[in-house]
$ cat entry.cif   # mmCIF, N, CA and C atoms
data_upload
loop_
_atom_site.label_atom_id
_atom_site.label_comp_id
_atom_site.auth_asym_id
_atom_site.auth_seq_id
_atom_site.Cartn_x
_atom_site.Cartn_y
_atom_site.Cartn_z
N MET Q 103 96.80 168.66 66.00
CA MET Q 103 96.42 170.05 66.02
C MET Q 103 96.12 170.49 67.45
N MET Q 104 95.55 169.58 68.21
CA MET Q 104 95.23 169.94 69.59
C MET Q 104 96.51 170.22 70.37
N ARG Q 105 97.55 169.41 70.14
CA ARG Q 105 98.82 169.61 70.84
C ARG Q 105 99.47 170.93 70.42
N ALA Q 106 99.41 171.26 69.16
CA ALA Q 106 99.96 172.54 68.68
C ALA Q 106 99.27 173.70 69.37
N GLN Q 107 97.95 173.62 69.52
CA GLN Q 107 97.23 174.68 70.20
C GLN Q 107 97.60 174.75 71.68
N GLU Q 108 97.73 173.57 72.29
CA GLU Q 108 98.09 173.50 73.71
C GLU Q 108 99.45 174.17 73.94
N LEU Q 109 100.43 173.84 73.13
CA LEU Q 109 101.77 174.40 73.29
C LEU Q 109 101.84 175.86 72.83
N GLY Q 110 101.14 176.17 71.76
CA GLY Q 110 101.20 177.53 71.21
C GLY Q 110 100.42 178.56 71.97
N ASN Q 111 99.45 178.15 72.75
CA ASN Q 111 98.60 179.07 73.48
C ASN Q 111 98.83 178.94 74.99
N LYS Q 112 100.09 178.83 75.38
CA LYS Q 112 100.45 178.66 76.79
C LYS Q 112 100.74 180.01 77.43
N GLY Q 113 100.21 180.22 78.62
CA GLY Q 113 100.49 181.45 79.34
C GLY Q 113 100.02 182.67 78.56
N THR Q 114 100.95 183.60 78.32
CA THR Q 114 100.59 184.82 77.58
C THR Q 114 100.80 184.66 76.08
N LYS Q 115 101.38 183.51 75.66
CA LYS Q 115 101.58 183.27 74.23
C LYS Q 115 100.25 182.92 73.57
N ARG Q 116 100.13 183.31 72.31
CA ARG Q 116 98.92 182.99 71.55
C ARG Q 116 99.31 182.78 70.09
N LEU Q 117 98.90 181.66 69.53
CA LEU Q 117 99.15 181.42 68.11
C LEU Q 117 98.41 182.45 67.28
N ASP Q 118 99.10 183.05 66.33
CA ASP Q 118 98.43 183.96 65.40
C ASP Q 118 97.47 183.19 64.51
N ALA Q 119 97.91 182.03 64.05
CA ALA Q 119 97.10 181.19 63.17
C ALA Q 119 97.72 179.80 63.12
N MET Q 120 96.93 178.87 62.66
CA MET Q 120 97.39 177.51 62.49
C MET Q 120 96.98 177.05 61.09
N VAL Q 121 97.94 176.48 60.35
CA VAL Q 121 97.68 175.99 59.00
C VAL Q 121 98.15 174.55 58.94
N ASP Q 122 97.27 173.65 58.52
CA ASP Q 122 97.69 172.26 58.31
C ASP Q 122 97.66 171.98 56.81
N VAL Q 123 98.59 171.15 56.38
CA VAL Q 123 98.72 170.80 54.98
C VAL Q 123 98.68 169.28 54.87
N ALA Q 124 97.81 168.75 54.02
CA ALA Q 124 97.69 167.30 53.91
C ALA Q 124 97.23 166.89 52.52
N THR Q 125 97.69 165.72 52.10
CA THR Q 125 97.14 165.08 50.91
C THR Q 125 95.96 164.27 51.41
N LEU Q 126 94.92 164.97 51.82
CA LEU Q 126 93.86 164.36 52.62
C LEU Q 126 92.88 163.52 51.82
N THR Q 127 92.43 164.00 50.67
CA THR Q 127 91.36 163.27 50.00
C THR Q 127 91.56 163.21 48.50
N GLY Q 128 91.19 162.09 47.92
CA GLY Q 128 91.10 161.99 46.47
C GLY Q 128 89.97 162.86 45.95
N ALA Q 129 89.03 163.19 46.82
CA ALA Q 129 87.91 164.05 46.42
C ALA Q 129 88.41 165.44 46.02
N GLN Q 130 89.54 165.85 46.54
CA GLN Q 130 90.13 167.14 46.14
C GLN Q 130 90.46 167.09 44.66
N GLU Q 131 91.03 165.99 44.20
CA GLU Q 131 91.36 165.85 42.79
C GLU Q 131 90.11 165.87 41.92
N VAL Q 132 89.05 165.22 42.38
CA VAL Q 132 87.80 165.20 41.63
C VAL Q 132 87.25 166.62 41.49
N ALA Q 133 87.30 167.38 42.56
CA ALA Q 133 86.73 168.73 42.56
C ALA Q 133 87.60 169.75 41.84
N LEU Q 134 88.93 169.68 42.04
CA LEU Q 134 89.79 170.77 41.58
C LEU Q 134 90.91 170.34 40.63
N GLY Q 135 91.05 169.06 40.40
CA GLY Q 135 92.07 168.60 39.47
C GLY Q 135 93.44 168.43 40.10
N LYS Q 136 94.44 168.29 39.24
CA LYS Q 136 95.79 167.98 39.68
C LYS Q 136 96.68 169.20 39.89
N ARG Q 137 96.19 170.39 39.55
CA ARG Q 137 97.04 171.58 39.68
C ARG Q 137 96.51 172.63 40.65
N THR Q 138 95.30 172.46 41.14
CA THR Q 138 94.72 173.44 42.07
C THR Q 138 94.43 172.78 43.40
N SER Q 139 95.00 173.34 44.46
CA SER Q 139 94.77 172.84 45.82
C SER Q 139 93.58 173.58 46.44
N ALA Q 140 93.06 173.01 47.52
CA ALA Q 140 91.92 173.61 48.23
C ALA Q 140 92.38 174.24 49.53
N ILE Q 141 91.70 175.30 49.92
CA ILE Q 141 91.87 175.87 51.26
C ILE Q 141 90.49 175.95 51.90
N MET Q 142 90.41 175.48 53.13
CA MET Q 142 89.20 175.55 53.94
C MET Q 142 89.62 176.08 55.31
N GLY Q 143 88.73 176.73 56.00
CA GLY Q 143 89.09 177.20 57.32
C GLY Q 143 87.97 177.89 58.04
N ASN Q 144 88.32 178.42 59.20
CA ASN Q 144 87.32 179.06 60.05
C ASN Q 144 87.54 180.56 60.18
N ASP Q 145 88.47 181.12 59.40
CA ASP Q 145 88.81 182.53 59.57
C ASP Q 145 89.00 183.19 58.20
N GLU Q 146 88.10 184.09 57.86
CA GLU Q 146 88.13 184.73 56.55
C GLU Q 146 89.38 185.58 56.34
N VAL Q 147 89.86 186.24 57.39
CA VAL Q 147 91.06 187.07 57.27
C VAL Q 147 92.27 186.20 56.93
N LEU Q 148 92.41 185.07 57.62
CA LEU Q 148 93.50 184.14 57.34
C LEU Q 148 93.39 183.59 55.92
N THR Q 149 92.20 183.20 55.51
CA THR Q 149 92.00 182.67 54.17
C THR Q 149 92.39 183.69 53.11
N GLU Q 150 91.96 184.92 53.29
CA GLU Q 150 92.29 185.97 52.31
C GLU Q 150 93.79 186.24 52.28
N ALA Q 151 94.43 186.27 53.45
CA ALA Q 151 95.89 186.48 53.51
C ALA Q 151 96.61 185.32 52.82
N PHE Q 152 96.13 184.12 53.04
CA PHE Q 152 96.74 182.96 52.41
C PHE Q 152 96.58 183.02 50.89
N LEU Q 153 95.38 183.33 50.42
CA LEU Q 153 95.14 183.39 48.98
C LEU Q 153 95.99 184.48 48.32
N ALA Q 154 96.19 185.60 49.01
CA ALA Q 154 97.06 186.66 48.48
C ALA Q 154 98.50 186.16 48.39
N ALA Q 155 98.95 185.45 49.42
CA ALA Q 155 100.30 184.89 49.41
C ALA Q 155 100.44 183.86 48.30
N ALA Q 156 99.42 183.04 48.08
CA ALA Q 156 99.45 182.03 47.02
C ALA Q 156 99.56 182.68 45.65
N GLU Q 157 98.83 183.76 45.46
CA GLU Q 157 98.90 184.46 44.17
C GLU Q 157 100.31 185.01 43.95
N GLU Q 158 100.89 185.61 44.98
CA GLU Q 158 102.25 186.14 44.87
C GLU Q 158 103.26 185.02 44.61
N ALA Q 159 103.04 183.87 45.23
CA ALA Q 159 103.96 182.75 45.10
C ALA Q 159 103.75 181.96 43.81
N GLY Q 160 102.66 182.21 43.12
CA GLY Q 160 102.38 181.51 41.87
C GLY Q 160 101.82 180.12 42.06
N GLU Q 161 101.14 179.89 43.19
CA GLU Q 161 100.51 178.59 43.44
C GLU Q 161 99.00 178.74 43.39
N ALA Q 162 98.34 177.73 42.84
CA ALA Q 162 96.89 177.78 42.65
C ALA Q 162 96.17 177.13 43.84
N PHE Q 163 95.40 177.94 44.56
CA PHE Q 163 94.54 177.46 45.64
C PHE Q 163 93.15 178.02 45.42
N TRP Q 164 92.14 177.25 45.83
CA TRP Q 164 90.76 177.69 45.66
C TRP Q 164 90.04 177.53 46.99
N PRO Q 165 89.33 178.58 47.45
CA PRO Q 165 88.60 178.48 48.72
C PRO Q 165 87.38 177.58 48.60
N MET Q 166 87.23 176.71 49.56
CA MET Q 166 86.10 175.77 49.61
C MET Q 166 85.36 175.97 50.93
N PRO Q 167 84.06 175.72 50.95
CA PRO Q 167 83.27 175.91 52.16
C PRO Q 167 83.37 174.72 53.12
N LEU Q 168 82.93 174.95 54.32
CA LEU Q 168 82.76 173.87 55.31
C LEU Q 168 81.28 173.85 55.70
N PRO Q 169 80.42 173.26 54.86
CA PRO Q 169 78.98 173.30 55.08
C PRO Q 169 78.56 172.47 56.30
N GLU Q 170 77.93 173.11 57.23
CA GLU Q 170 77.53 172.45 58.48
C GLU Q 170 76.59 171.27 58.25
N GLU Q 171 75.81 171.28 57.16
CA GLU Q 171 74.88 170.17 56.94
C GLU Q 171 75.60 168.85 56.68
N LEU Q 172 76.87 168.90 56.30
CA LEU Q 172 77.63 167.67 56.08
C LEU Q 172 78.21 167.10 57.37
N ARG Q 173 78.23 167.89 58.43
CA ARG Q 173 78.82 167.46 59.70
C ARG Q 173 78.12 166.22 60.27
N ALA Q 174 76.83 166.10 60.10
CA ALA Q 174 76.07 164.97 60.65
C ALA Q 174 76.58 163.63 60.13
N SER Q 175 77.18 163.61 58.94
CA SER Q 175 77.66 162.35 58.39
C SER Q 175 78.89 161.82 59.14
N LEU Q 176 79.45 162.62 60.04
CA LEU Q 176 80.58 162.19 60.86
C LEU Q 176 80.15 161.64 62.22
N ASP Q 177 78.86 161.69 62.49
CA ASP Q 177 78.35 161.12 63.75
C ASP Q 177 78.54 159.61 63.72
N SER Q 178 78.85 159.04 64.89
CA SER Q 178 79.11 157.61 64.97
C SER Q 178 78.40 157.03 66.18
N PRO Q 179 77.84 155.83 66.05
CA PRO Q 179 77.20 155.18 67.19
C PRO Q 179 78.22 154.58 68.17
N VAL Q 180 79.49 154.45 67.74
CA VAL Q 180 80.49 153.79 68.60
C VAL Q 180 81.69 154.66 68.94
N ALA Q 181 81.84 155.80 68.31
CA ALA Q 181 82.99 156.66 68.56
C ALA Q 181 82.54 158.10 68.76
N ASP Q 182 83.44 158.92 69.26
CA ASP Q 182 83.12 160.35 69.41
C ASP Q 182 82.83 160.99 68.06
N ILE Q 183 83.58 160.55 67.05
CA ILE Q 183 83.41 161.07 65.70
C ILE Q 183 83.97 160.03 64.71
N ALA Q 184 83.31 159.89 63.57
CA ALA Q 184 83.80 159.00 62.52
C ALA Q 184 84.83 159.77 61.69
N ASN Q 185 85.83 159.06 61.17
CA ASN Q 185 86.83 159.76 60.37
C ASN Q 185 86.50 159.76 58.88
N ILE Q 186 85.40 159.17 58.49
CA ILE Q 186 84.93 159.21 57.11
C ILE Q 186 83.44 159.51 57.14
N GLY Q 187 83.05 160.50 56.36
CA GLY Q 187 81.64 160.86 56.29
C GLY Q 187 81.07 160.51 54.94
N ASP Q 188 80.07 161.25 54.55
CA ASP Q 188 79.39 161.04 53.28
C ASP Q 188 80.37 161.14 52.12
N ARG Q 189 80.23 160.26 51.15
CA ARG Q 189 81.10 160.25 49.97
C ARG Q 189 80.96 161.54 49.17
N PHE Q 190 79.73 162.01 49.03
CA PHE Q 190 79.49 163.24 48.28
C PHE Q 190 79.88 164.43 49.16
N GLY Q 191 80.74 165.27 48.62
CA GLY Q 191 81.28 166.36 49.42
C GLY Q 191 82.41 165.87 50.32
N GLY Q 192 83.08 164.79 49.91
CA GLY Q 192 84.09 164.15 50.74
C GLY Q 192 85.22 165.07 51.18
N MET Q 193 85.69 165.94 50.30
CA MET Q 193 86.75 166.87 50.68
C MET Q 193 86.26 167.82 51.77
N LEU Q 194 85.04 168.26 51.64
CA LEU Q 194 84.46 169.19 52.61
C LEU Q 194 84.22 168.50 53.95
N THR Q 195 83.76 167.27 53.89
CA THR Q 195 83.53 166.49 55.11
C THR Q 195 84.85 166.25 55.84
N ALA Q 196 85.92 165.97 55.08
CA ALA Q 196 87.24 165.80 55.70
C ALA Q 196 87.68 167.08 56.38
N GLY Q 197 87.42 168.22 55.76
CA GLY Q 197 87.72 169.50 56.40
C GLY Q 197 86.94 169.70 57.68
N LEU Q 198 85.66 169.30 57.66
CA LEU Q 198 84.83 169.38 58.87
C LEU Q 198 85.36 168.47 59.97
N PHE Q 199 85.88 167.31 59.59
CA PHE Q 199 86.48 166.41 60.56
C PHE Q 199 87.66 167.10 61.26
N LEU Q 200 88.54 167.69 60.48
CA LEU Q 200 89.70 168.38 61.08
C LEU Q 200 89.27 169.55 61.95
N LYS Q 201 88.24 170.26 61.52
CA LYS Q 201 87.74 171.42 62.27
C LYS Q 201 87.35 171.03 63.70
N GLU Q 202 86.93 169.79 63.89
CA GLU Q 202 86.54 169.32 65.22
C GLU Q 202 87.69 169.39 66.23
N PHE Q 203 88.92 169.45 65.74
CA PHE Q 203 90.09 169.44 66.61
C PHE Q 203 90.72 170.82 66.75
N VAL Q 204 90.00 171.85 66.32
CA VAL Q 204 90.48 173.22 66.39
C VAL Q 204 89.59 174.00 67.34
N GLN Q 205 90.21 174.74 68.27
CA GLN Q 205 89.43 175.59 69.17
C GLN Q 205 88.69 176.63 68.35
N GLU Q 206 87.47 176.95 68.78
CA GLU Q 206 86.63 177.87 68.01
C GLU Q 206 87.27 179.21 67.75
N ASP Q 207 88.03 179.72 68.71
CA ASP Q 207 88.62 181.05 68.57
C ASP Q 207 90.01 181.02 67.94
N GLN Q 208 90.45 179.86 67.50
CA GLN Q 208 91.78 179.72 66.89
C GLN Q 208 91.67 179.88 65.37
N PRO Q 209 92.27 180.95 64.80
CA PRO Q 209 92.28 181.04 63.33
C PRO Q 209 93.00 179.82 62.74
N TRP Q 210 92.34 179.17 61.79
CA TRP Q 210 92.84 177.92 61.24
C TRP Q 210 92.51 177.80 59.77
N ALA Q 211 93.44 177.20 59.02
CA ALA Q 211 93.20 176.88 57.62
C ALA Q 211 93.72 175.48 57.35
N HIS Q 212 92.98 174.75 56.54
CA HIS Q 212 93.38 173.42 56.10
C HIS Q 212 93.63 173.48 54.60
N LEU Q 213 94.78 172.98 54.16
CA LEU Q 213 95.12 172.92 52.75
C LEU Q 213 95.08 171.47 52.31
N ASP Q 214 94.18 171.14 51.40
CA ASP Q 214 94.13 169.79 50.83
C ASP Q 214 94.88 169.86 49.51
N ILE Q 215 96.06 169.22 49.48
CA ILE Q 215 96.95 169.30 48.32
C ILE Q 215 97.05 167.96 47.59
N ALA Q 216 96.05 167.10 47.74
CA ALA Q 216 96.13 165.73 47.22
C ALA Q 216 96.53 165.67 45.74
N GLY Q 217 95.87 166.41 44.89
CA GLY Q 217 96.18 166.37 43.46
C GLY Q 217 97.51 167.00 43.11
N PRO Q 218 97.76 168.23 43.53
CA PRO Q 218 99.00 168.92 43.16
C PRO Q 218 100.27 168.43 43.87
N ALA Q 219 100.17 167.59 44.86
CA ALA Q 219 101.35 167.19 45.64
C ALA Q 219 102.34 166.35 44.85
N PHE Q 220 101.84 165.59 43.87
CA PHE Q 220 102.72 164.72 43.11
C PHE Q 220 102.33 164.81 41.64
N ASN Q 221 103.27 165.23 40.82
CA ASN Q 221 103.02 165.42 39.39
C ASN Q 221 103.47 164.19 38.61
N THR Q 222 102.52 163.51 37.99
CA THR Q 222 102.85 162.35 37.16
C THR Q 222 102.85 162.70 35.67
N ALA Q 223 102.45 163.91 35.33
CA ALA Q 223 102.42 164.35 33.93
C ALA Q 223 103.73 165.06 33.59
N ALA Q 224 103.73 165.82 32.53
CA ALA Q 224 104.92 166.56 32.11
C ALA Q 224 105.19 167.72 33.07
N PRO Q 225 106.45 168.11 33.19
CA PRO Q 225 106.77 169.29 34.00
C PRO Q 225 106.03 170.52 33.46
N HIS Q 226 105.71 171.46 34.34
CA HIS Q 226 105.08 172.70 33.92
C HIS Q 226 105.54 173.81 34.86
N GLY Q 227 105.84 174.97 34.29
CA GLY Q 227 106.35 176.07 35.09
C GLY Q 227 107.57 175.61 35.88
N TYR Q 228 107.57 175.85 37.19
CA TYR Q 228 108.66 175.38 38.04
C TYR Q 228 108.36 174.01 38.64
N THR Q 229 107.25 173.37 38.22
CA THR Q 229 106.83 172.10 38.79
C THR Q 229 107.46 170.93 38.03
N PRO Q 230 108.25 170.12 38.73
CA PRO Q 230 108.89 168.97 38.09
C PRO Q 230 107.96 167.76 38.09
N ILE Q 231 108.41 166.69 37.48
CA ILE Q 231 107.73 165.40 37.64
C ILE Q 231 108.11 164.89 39.02
N GLY Q 232 107.15 164.33 39.73
CA GLY Q 232 107.40 163.81 41.08
C GLY Q 232 106.83 164.74 42.13
N GLY Q 233 107.39 164.67 43.32
CA GLY Q 233 106.93 165.52 44.43
C GLY Q 233 107.12 166.98 44.09
N THR Q 234 106.10 167.78 44.35
CA THR Q 234 106.11 169.18 43.90
C THR Q 234 106.43 170.19 44.99
N GLY Q 235 106.25 169.82 46.24
CA GLY Q 235 106.45 170.81 47.31
C GLY Q 235 105.37 171.87 47.34
N VAL Q 236 104.22 171.56 46.73
CA VAL Q 236 103.14 172.54 46.69
C VAL Q 236 102.80 173.03 48.09
N ALA Q 237 102.54 174.28 48.21
CA ALA Q 237 102.19 175.02 49.43
C ALA Q 237 103.42 175.61 50.12
N VAL Q 238 104.61 175.07 49.89
CA VAL Q 238 105.80 175.58 50.58
C VAL Q 238 106.05 177.04 50.22
N ARG Q 239 106.03 177.37 48.94
CA ARG Q 239 106.26 178.76 48.52
C ARG Q 239 105.22 179.70 49.14
N THR Q 240 103.99 179.26 49.16
CA THR Q 240 102.92 180.10 49.71
C THR Q 240 103.08 180.27 51.21
N LEU Q 241 103.40 179.20 51.92
CA LEU Q 241 103.58 179.30 53.37
C LEU Q 241 104.75 180.21 53.73
N ILE Q 242 105.82 180.15 52.95
CA ILE Q 242 106.95 181.06 53.17
C ILE Q 242 106.51 182.50 52.95
N ARG Q 243 105.78 182.74 51.86
CA ARG Q 243 105.31 184.11 51.55
C ARG Q 243 104.36 184.60 52.63
N LEU Q 244 103.48 183.73 53.13
CA LEU Q 244 102.55 184.09 54.20
C LEU Q 244 103.32 184.47 55.47
N ALA Q 245 104.35 183.68 55.80
CA ALA Q 245 105.15 183.98 56.99
C ALA Q 245 105.89 185.31 56.81
N GLU Q 246 106.44 185.55 55.62
CA GLU Q 246 107.12 186.81 55.37
C GLU Q 246 106.17 187.99 55.50
N ALA Q 247 104.98 187.85 54.92
CA ALA Q 247 103.98 188.93 54.99
C ALA Q 247 103.54 189.17 56.43
N SER Q 248 103.42 188.09 57.20
CA SER Q 248 102.99 188.23 58.59
C SER Q 248 104.04 188.87 59.48
N SER Q 249 105.31 188.70 59.08
CA SER Q 249 106.39 189.28 59.88
C SER Q 249 106.79 190.67 59.38
N GLY Q 250 106.12 191.14 58.34
CA GLY Q 250 106.38 192.48 57.82
C GLY Q 250 107.51 192.54 56.81
N ARG Q 251 108.00 191.41 56.34
CA ARG Q 251 109.09 191.40 55.35
C ARG Q 251 108.56 191.54 53.95
#
$ encode --input "entry.cif" --output "structure tokens"
Amino acid sequence: MMRAQELGNKGTKRLDAMVDVATLTGAQEVALGKRTSAIMGNDEVLTEAFLAAAEEAGEAFWPMPLPEELRASLDSPVADIANIGDRFGGMLTAGLFLKEFVQEDQPWAHLDIAGPAFNTAAPHGYTPIGGTGVAVRTLIRLAEASSGR
């Protein structure tokens, strides 16, 4: 993420927003199940635009907080930051970990798609058994909306 910001914010260029997508935590499945992905971020406007795009695309995303009180669990006596924090609130702590690599003024959203990324149950809607491509439809819709299409 740091490299993306470095390249995207060069000279007079400025990234409008940055979105990362990851099957980051099993805690996402515990919190939201196998069909709803999480969105966390530092910019309410970006989150709302993303959620609107998700609704249009027919993908289920739910906004989750990044509670600052969980950040302390990432402190490490031997490293700049630990990559695993408190087990409770694990999805949120993972989001806080990623936030550490985003410039404060950079609009950013993290999508945790751990549960919905791979469907082991029966097909549903347009979702097949196997890899689902979750978030792709929403990201395309978000890009179209951002470009005025």
$ resolve_selection --input "entry.cif" --expression "the PyMOL selection byres (((chain Q and resi 107-110 and name CA) around 10) and name CA)" --output "ChimeraX atom specification"
/Q:103-106,111-120,203-205,208
$ residues_around --input "entry.cif" --residues "range 242-246 of chain Q" --least-positions-apart "6" --cutoff "7 Å" --atoms "only N, CA and C atoms" --output "ChimeraX atom specification"
/Q:151-152,155-156,159
$ axis_aligned_box --input "entry.cif" --around "range 222-238 of chain Q" --padding-each-side "5 Å" --output "JSON"
{"center_x": 105.5, "center_y": 169.7, "center_z": 41.3, "size_x": 16.7, "size_y": 24.7, "size_z": 28.5}
$ select_by_dssp --input "entry.cif" --residues "chain Q" --states "alpha helix (DSSP H)" --output "number ranges by chain"
Q: 104-110, 128-134, 146-159, 192-201, 238-248
$ closest_atom_pairs --input "entry.cif" --of "range 221-250 of chain Q" --to "range 161-178 of chain Q" --cutoff "8 Å" --atoms "all atoms listed in the file" --output "JSON lines"
{"residue": "Q:Val236", "atom": "CA", "partner": "Q:Glu161", "partner_atom": "CA", "distance": 7.4}
{"residue": "Q:Ala237", "atom": "N", "partner": "Q:Glu161", "partner_atom": "CA", "distance": 6.7}
{"residue": "Q:Arg239", "atom": "C", "partner": "Q:Glu161", "partner_atom": "N", "distance": 7.2}
{"residue": "Q:Thr240", "atom": "N", "partner": "Q:Glu161", "partner_atom": "N", "distance": 6.6}
$ select_by_dssp --input "entry.cif" --residues "range 150-248 of chain Q" --states "strand (DSSP E)" --output "short mmCIF file (atom, residue, chain, number, x, y, z; two decimals) with N, CA and C atoms, in the frame of the given file"
data_model
loop_
_atom_site.label_atom_id
_atom_site.label_comp_id
_atom_site.auth_asym_id
_atom_site.auth_seq_id
_atom_site.Cartn_x
_atom_site.Cartn_y
_atom_site.Cartn_z
N PHE Q 163 95.40 177.94 44.56
CA PHE Q 163 94.54 177.46 45.64
C PHE Q 163 93.15 178.02 45.42
N TRP Q 164 92.14 177.25 45.83
CA TRP Q 164 90.76 177.69 45.66
C TRP Q 164 90.04 177.53 46.99
N PRO Q 165 89.33 178.58 47.45
CA PRO Q 165 88.60 178.48 48.72
C PRO Q 165 87.38 177.58 48.60
N TRP Q 210 92.34 179.17 61.79
CA TRP Q 210 92.84 177.92 61.24
C TRP Q 210 92.51 177.80 59.77
N ALA Q 211 93.44 177.20 59.02
CA ALA Q 211 93.20 176.88 57.62
C ALA Q 211 93.72 175.48 57.35
N HIS Q 212 92.98 174.75 56.54
CA HIS Q 212 93.38 173.42 56.10
C HIS Q 212 93.63 173.48 54.60
N LEU Q 213 94.78 172.98 54.16
CA LEU Q 213 95.12 172.92 52.75
C LEU Q 213 95.08 171.47 52.31
N ASP Q 214 94.18 171.14 51.40
CA ASP Q 214 94.13 169.79 50.83
C ASP Q 214 94.88 169.86 49.51
N PHE Q 220 101.84 165.59 43.87
CA PHE Q 220 102.72 164.72 43.11
C PHE Q 220 102.33 164.81 41.64
N ASN Q 221 103.27 165.23 40.82
CA ASN Q 221 103.02 165.42 39.39
C ASN Q 221 103.47 164.19 38.61
N GLY Q 232 107.15 164.33 39.73
CA GLY Q 232 107.40 163.81 41.08
C GLY Q 232 106.83 164.74 42.13
N GLY Q 233 107.39 164.67 43.32
CA GLY Q 233 106.93 165.52 44.43
C GLY Q 233 107.12 166.98 44.09
#
$ atom_distance --input "entry.cif" --atom1 "atom N of Ala129 in chain Q" --atom2 "atom C of Ala223 in chain Q"
19.9 Å
$ residues_near_point --input "entry.cif" --point "(85.0, 164.0, 53.4)" --cutoff "9 Å" --atoms "only C-alpha atoms" --output "PyMOL selection string"
chain Q and resi 126-127+129+172+176+185-199
$ atom_distance --input "entry.cif" --atom1 "CA of Lys201 in chain Q" --atom2 "CA of Met142 in chain Q"
9.4 Å
$ atom_distance --input "entry.cif" --atom1 "CA of Glu157 in chain Q" --atom2 "CA of Thr138 in chain Q"
12.0 Å
$ resolve_selection --input "entry.cif" --expression "the PyMOL selection byres (((chain Q and resi 148 and name CA) around 8) and name CA)" --output "ChimeraX atom specification"
/Q:119,145-147,149-152,209-211
$ closest_residue --input "entry.cif" --among "Q:Gly250, Q:Leu153, Q:Gly233, Q:Glu206" --to "Pro218 in chain Q" --atoms "only C-alpha atoms"
Q:Gly233
$ residues_around --input "entry.cif" --residues "Gly128 in chain Q" --least-positions-apart "3" --cutoff "8 Å" --atoms "only C-alpha atoms" --output "ChimeraX atom specification"
/Q:131-132,193,216-217
